[in-house]
Amino acid sequence: MKINCPCCKKRIERKKLKQVCSLFPFKGGMVGKNQDPLGFFLTIASKYPDTYQWACDDCIKSERAILANPNKQYYSFTHPMDTGNPYLAYFDKGFTCQTCQKKVVFSKEEQQYWYEDLSFVIYAKPVNCKTCRKEIRTARNLNTELSELLKNGIPKEKEKLLRISEIYKVMGNKEKMKKFLHAANKL
C-alpha cells in the first residue's frame, strides 16, 4: 500500500515509514480489530489523508520534519468520542496572519514547542504571526494594568498618574495621556 507523505508530497511505501512506525503503540492510540497499529495507520492515512500529521523517513532524515512524541501531546479528552489523533511528525506550515495579512510559517520547531512543551491541544493553530501575537499580548497586559490602576477611581499618587499617562501614550491616546500627565504634575 502506498500513500503520499504530507510533508514532501511524494508517494511513500511502507518500508519508508520506520520512524513513524517506531511511535506505535502510543497512549490513547486507536487500532482496528485484529490489525497491527501500522497497518491501521496506513489504512486510515490512505482513506482519510488529513486524519494524521506525519512524515516519511526521508523527510525526518533530511530534517524537513521532526519526529513527534504523541505521549507528550494533548489530543484526547475525557469522552472517547472526543479523542483525536496525535501528531506523529512536525513540518513547516504556512498561513496568513489575520492581523497584518502577511504570509508566515508555523515552523516545525514552534509546533513541537506548542504541543509538547506548552501542552496546547493539537487543534490549536496560530492565526497571527509572532509579532502581532506579541503586540496583542502587550496591549492586553497594558489594558489590564490600566484597569487595575483605575479600579478605585483616579489615583492620588504621582507615580500612578505618571504610569497611567505612559500607558495612554503607548496606546496612542494623547488626550488622556496629557490629562493624566497634567494631573501628576499638579501634585
# chains A, B, ... in the order shown; residues from 1 in each chain; ligands from 1
>>> residues_around(residues="segment 9-18 of chain A", least_positions_apart="4", cutoff="6 Å", atoms="only C-alpha atoms", output="PyMOL selection string")
chain A and resi 2-5+56-57
>>> write_last_selection(atoms="N, CA and C atoms", output="PDB file, in the first residue's frame")
ATOM      1  N   LYS A   2       0.608   2.174  -0.876  1.00  0.00           N
ATOM      2  CA  LYS A   2       1.377   3.404  -0.947  1.00  0.00           C
ATOM      3  C   LYS A   2       0.473   4.584  -0.592  1.00  0.00           C
ATOM      4  N   ILE A   3       1.059   5.561   0.089  1.00  0.00           N
ATOM      5  CA  ILE A   3       0.344   6.789   0.431  1.00  0.00           C
ATOM      6  C   ILE A   3       1.286   7.957   0.189  1.00  0.00           C
ATOM      7  N   ASN A   4       0.734   9.159   0.109  1.00  0.00           N
ATOM      8  CA  ASN A   4       1.537  10.353  -0.105  1.00  0.00           C
ATOM      9  C   ASN A   4       1.943  10.972   1.227  1.00  0.00           C
ATOM     10  N   CYS A   5       3.212  11.276   1.356  1.00  0.00           N
ATOM     11  CA  CYS A   5       3.716  11.950   2.551  1.00  0.00           C
ATOM     12  C   CYS A   5       3.171  13.376   2.561  1.00  0.00           C
ATOM     13  N   CYS A  56       7.435  11.022   6.179  1.00  0.00           N
ATOM     14  CA  CYS A  56       8.199   9.821   5.820  1.00  0.00           C
ATOM     15  C   CYS A  56       9.614   9.890   6.405  1.00  0.00           C
ATOM     16  N   ASP A  57      10.308   8.766   6.356  1.00  0.00           N
ATOM     17  CA  ASP A  57      11.676   8.682   6.882  1.00  0.00           C
ATOM     18  C   ASP A  57      12.618   9.667   6.185  1.00  0.00           C
TER      19      ASP A  57
END
>>> closest_residue(among="A:Thr51, A:Gln98, A:Gln19, A:Asn185", to="Cys132 of chain A", atoms="only C-alpha atoms")
A:Gln98
>>> atom_distance(atom1="atom CA of Leu88 of chain A", atom2="atom CA of Leu23 of chain A")
7.4 Å
>>> atom_distance(atom1="atom CA of Leu38 of chain A", atom2="atom CA of Phe24 of chain A")
7.1 Å
>>> residues_around(residues="segment 172-181 of chain A", least_positions_apart="5", cutoff="8 Å", atoms="only C-alpha atoms", output="list in words")
Leu161, Leu162, Ile164, Ser165, Glu166 and Ile167 of chain A
>>> write_last_selection(atoms="all heavy atoms", output="PDB file, in the first residue's frame")
ATOM      1  N   LEU A 161      -0.246  58.147  38.524  1.00  0.00           N
ATOM      2  CA  LEU A 161      -0.740  59.033  37.457  1.00  0.00           C
ATOM      3  C   LEU A 161       0.237  59.068  36.280  1.00  0.00           C
ATOM      4  O   LEU A 161      -0.180  59.066  35.117  1.00  0.00           O
ATOM      5  CB  LEU A 161      -0.984  60.447  38.008  1.00  0.00           C
ATOM      6  CG  LEU A 161      -2.135  60.581  39.005  1.00  0.00           C
ATOM      7  CD1 LEU A 161      -2.087  61.943  39.688  1.00  0.00           C
ATOM      8  CD2 LEU A 161      -3.473  60.373  38.306  1.00  0.00           C
ATOM      9  N   LEU A 162       1.539  59.081  36.579  1.00  0.00           N
ATOM     10  CA  LEU A 162       2.550  59.063  35.517  1.00  0.00           C
ATOM     11  C   LEU A 162       2.498  57.747  34.731  1.00  0.00           C
ATOM     12  O   LEU A 162       2.618  57.751  33.505  1.00  0.00           O
ATOM     13  CB  LEU A 162       3.945  59.283  36.100  1.00  0.00           C
ATOM     14  CG  LEU A 162       4.257  60.698  36.581  1.00  0.00           C
ATOM     15  CD1 LEU A 162       5.579  60.742  37.335  1.00  0.00           C
ATOM     16  CD2 LEU A 162       4.257  61.688  35.420  1.00  0.00           C
ATOM     17  N   ILE A 164      -0.138  55.811  34.360  1.00  0.00           N
ATOM     18  CA  ILE A 164      -1.361  55.853  33.543  1.00  0.00           C
ATOM     19  C   ILE A 164      -1.112  56.680  32.287  1.00  0.00           C
ATOM     20  O   ILE A 164      -1.496  56.288  31.180  1.00  0.00           O
ATOM     21  CB  ILE A 164      -2.561  56.417  34.359  1.00  0.00           C
ATOM     22  CG1 ILE A 164      -2.939  55.428  35.462  1.00  0.00           C
ATOM     23  CG2 ILE A 164      -3.746  56.707  33.451  1.00  0.00           C
ATOM     24  CD1 ILE A 164      -3.911  55.989  36.493  1.00  0.00           C
ATOM     25  N   SER A 165      -0.418  57.801  32.443  1.00  0.00           N
ATOM     26  CA  SER A 165      -0.080  58.650  31.304  1.00  0.00           C
ATOM     27  C   SER A 165       0.793  57.892  30.303  1.00  0.00           C
ATOM     28  O   SER A 165       0.574  57.965  29.085  1.00  0.00           O
ATOM     29  CB  SER A 165       0.641  59.909  31.799  1.00  0.00           C
ATOM     30  OG  SER A 165       1.049  60.706  30.719  1.00  0.00           O
ATOM     31  N   GLU A 166       1.778  57.153  30.800  1.00  0.00           N
ATOM     32  CA  GLU A 166       2.650  56.355  29.928  1.00  0.00           C
ATOM     33  C   GLU A 166       1.854  55.302  29.161  1.00  0.00           C
ATOM     34  O   GLU A 166       2.086  55.080  27.963  1.00  0.00           O
ATOM     35  CB  GLU A 166       3.723  55.642  30.757  1.00  0.00           C
ATOM     36  CG  GLU A 166       4.796  56.527  31.313  1.00  0.00           C
ATOM     37  CD  GLU A 166       5.722  55.772  32.273  1.00  0.00           C
ATOM     38  OE1 GLU A 166       5.746  54.518  32.231  1.00  0.00           O
ATOM     39  OE2 GLU A 166       6.418  56.429  33.053  1.00  0.00           O
ATOM     40  N   ILE A 167       0.942  54.651  29.856  1.00  0.00           N
ATOM     41  CA  ILE A 167       0.132  53.610  29.207  1.00  0.00           C
ATOM     42  C   ILE A 167      -0.710  54.216  28.092  1.00  0.00           C
ATOM     43  O   ILE A 167      -0.776  53.674  26.985  1.00  0.00           O
ATOM     44  CB  ILE A 167      -0.753  52.870  30.240  1.00  0.00           C
ATOM     45  CG1 ILE A 167       0.129  52.028  31.172  1.00  0.00           C
ATOM     46  CG2 ILE A 167      -1.794  51.989  29.545  1.00  0.00           C
ATOM     47  CD1 ILE A 167      -0.602  51.434  32.370  1.00  0.00           C
TER      48      ILE A 167
END
>>> select_by_dssp(residues="segment 78-166 of chain A", states="strand (DSSP E or B)", output="number ranges by chain")
A: 87, 89-91, 93-96, 103-106, 121
>>> write_last_selection(atoms="C-alpha atoms", output="JSON list (two decimals), in the first residue's frame")
[["chain", "number", "residue", "atom", "x", "y", "z"],
["A", 87, "TYR", "CA", 0.81, 14.40, 15.51],
["A", 89, "ALA", "CA", 5.73, 14.44, 12.96],
["A", 90, "TYR", "CA", 6.00, 18.20, 12.61],
["A", 91, "PHE", "CA", 6.84, 20.07, 9.42],
["A", 93, "LYS", "CA", 3.14, 25.01, 7.58],
["A", 94, "GLY", "CA", 2.26, 28.32, 6.01],
["A", 95, "PHE", "CA", -0.66, 30.57, 6.94],
["A", 96, "THR", "CA", -1.76, 34.20, 6.57],
["A", 103, "LYS", "CA", 2.32, 35.12, 4.81],
["A", 104, "VAL", "CA", 4.10, 33.41, 7.70],
["A", 105, "VAL", "CA", 5.35, 29.94, 8.62],
["A", 106, "PHE", "CA", 4.31, 27.95, 11.68],
["A", 121, "VAL", "CA", -4.26, 20.96, 22.43]]
>>> closest_residue(among="A:Lys47, A:Tyr168, A:Ala124, A:Lys134", to="Ser147 of chain A", atoms="only C-alpha atoms")
A:Tyr168
>>> select_by_dssp(residues="segment 14-168 of chain A", states="helix (DSSP H, G or I)", output="number ranges by chain")
A: 14-16, 18-21, 37-47, 57-61, 70-72, 80-82, 108-117, 130-150, 158-168
>>> atom_distance(atom1="atom CA of Asp117 of chain A", atom2="atom CA of Ala68 of chain A")
11.6 Å
>>> residues_around(residues="Cys59 of chain A", least_positions_apart="6", cutoff="8 Å", atoms="only C-alpha atoms", output="list in words")
Cys7, Cys8 and Ala65 of chain A
>>> write_last_selection(atoms="C-alpha atoms", output="mmCIF file, in the first residue's frame")
data_model
loop_
_atom_site.group_PDB
_atom_site.id
_atom_site.type_symbol
_atom_site.label_atom_id
_atom_site.label_comp_id
_atom_site.auth_asym_id
_atom_site.auth_seq_id
_atom_site.Cartn_x
_atom_site.Cartn_y
_atom_site.Cartn_z
ATOM 1 C CA CYS A 7 5.414 16.858 4.112
ATOM 2 C CA CYS A 8 7.183 16.153 0.787
ATOM 3 C CA ALA A 65 10.295 17.202 9.535
#
